[in-house]
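As structure tokens, the structure follows; a few thoughts come after it.
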Amino acid sequence: MGRVVLVTGISRDIGRRFARAAAHDPSIDRVIGVDVVPPRGDIGDVSFVRADIRTPVIAKVLAKEDIDTVVHMSVIATPGSAGGRNTMKELNVMGTMQLLAACQKAPRVERLVVKSTTTVYGASSRDPAMFTEEMGPKRLPSSGYAKDVYEVEGYVRGFARRRPDVAVTMIRAANVIGPHVTSPITSYFRLPVIPRVLGFDPRLQFLHEDDLLDVLRHAVVAGTPGTFNVAGDGMLMLSQAVRRLGKPSVAMPGVAVGRLGSVLRQARVADFSPEQLTFLTYGRGVDTTRMRTELGFEPRFTTASAFADFGVSLGVPLHVPDEPVLTGRSGGAHDG
């Protein structure tokens, strides 16, 4: 018998696509996707259960379906997609707490995979060249998505202590990018004119959407416990990324970019949260040594090739200019 996997957040595209991919893995017997609304699009052999992870009903789903592996993908980055900041926090933090409480009481659960993000490290002028998994943010997040992720990770670590028999894998993914991704960073690069913070040229790391699906599936099958930074090899400067898209950009003081971001956010054109603005100012880089040596995963796309594939979806030819790209298999100093 293969694994019986429950996937949260299946109504969003990346959750739906992961569940479908997992259902095709020969080592996985069944995949059950849960969310408050049905997913749009074909889910293949995935079984859908309408359930709100903020309620105790999720415990009944775990028991009824004999779940042994949980993949938590319903931590969301934008309040607009959740119906407001309060609802976003409920889904992210309260939903995670309720899910973990259900997992704690489910004796059959033996693996938990959580999709987290390198946003948890924050972004500031005092950051190290590269964040390792043992490091934390230089300044604790006080609001928004970054604060939610910081709290979610804390609850996951608490669960791991209470259930040492469960293999808990936390995937801290760099900014996910690709033709099908709609996120604050892809919306930013889709703007006709790219606003930049005057005097700063942050370094960026990306993870291709296909590599995200692959690393989550790898974590489910391998069952390697621990926290892992996951990003494509190398980095791009923001100025390089803009040039590769062939778009005009305008450098503005940080305050002006923040005001413009507020207008764009209200118009639902792009999400310029405070953490997005600091990322576009300072960037961020993460060390991915543990991803290779302990998790045993190697992304197929580098940061540059992931960004190039995203560019194709915008009609930009798959051409990488002959210019230096920041390298270092461990990552580098700035992503988001």
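Residue names in the structure tokens use chain letters A, B, ... in the order shown, residue numbers from 1 in each chain, and ligand numbers from 1 in the order shown.
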
Please, which residues of stretch 60-259 of chain A, numbered as in this document, come out helix (DSSP H, G or I) from DSSP, as JSON, numbers by chain?
{"A": [60, 61, 62, 63, 64, 79, 80, 81, 82, 85, 86, 87, 88, 89, 90, 91, 92, 93, 94, 95, 96, 97, 98, 99, 100, 101, 102, 103, 104, 118, 119, 120, 121, 144, 145, 146, 147, 148, 149, 150, 151, 152, 153, 154, 155, 156, 157, 158, 159, 160, 161, 162, 184, 185, 186, 187, 188, 189, 209, 210, 211, 212, 213, 214, 215, 216, 217, 218, 219, 220, 221, 222, 238, 239, 240, 241, 242, 243, 244, 245, 254, 255, 256, 257, 258, 259]}

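Shortest atom-to-atom contact with A:Thr224 among A:Thr8, A:Thr278, A:Thr293, A:Ser187: A:Thr293, counting only C-alpha atoms.
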
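For the residues A:Ala173, A:Val257, A:Ala106, A:Met252, ranking by smallest atom-to-atom distance to A:Ser273 using only C-alpha atoms places A:Val257 first.
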
Pick from A:Arg172, A:Arg3, A:Arg284, A:His72, whichever lies nearest to A:Pro202 using only C-alpha atoms:
A:Arg284
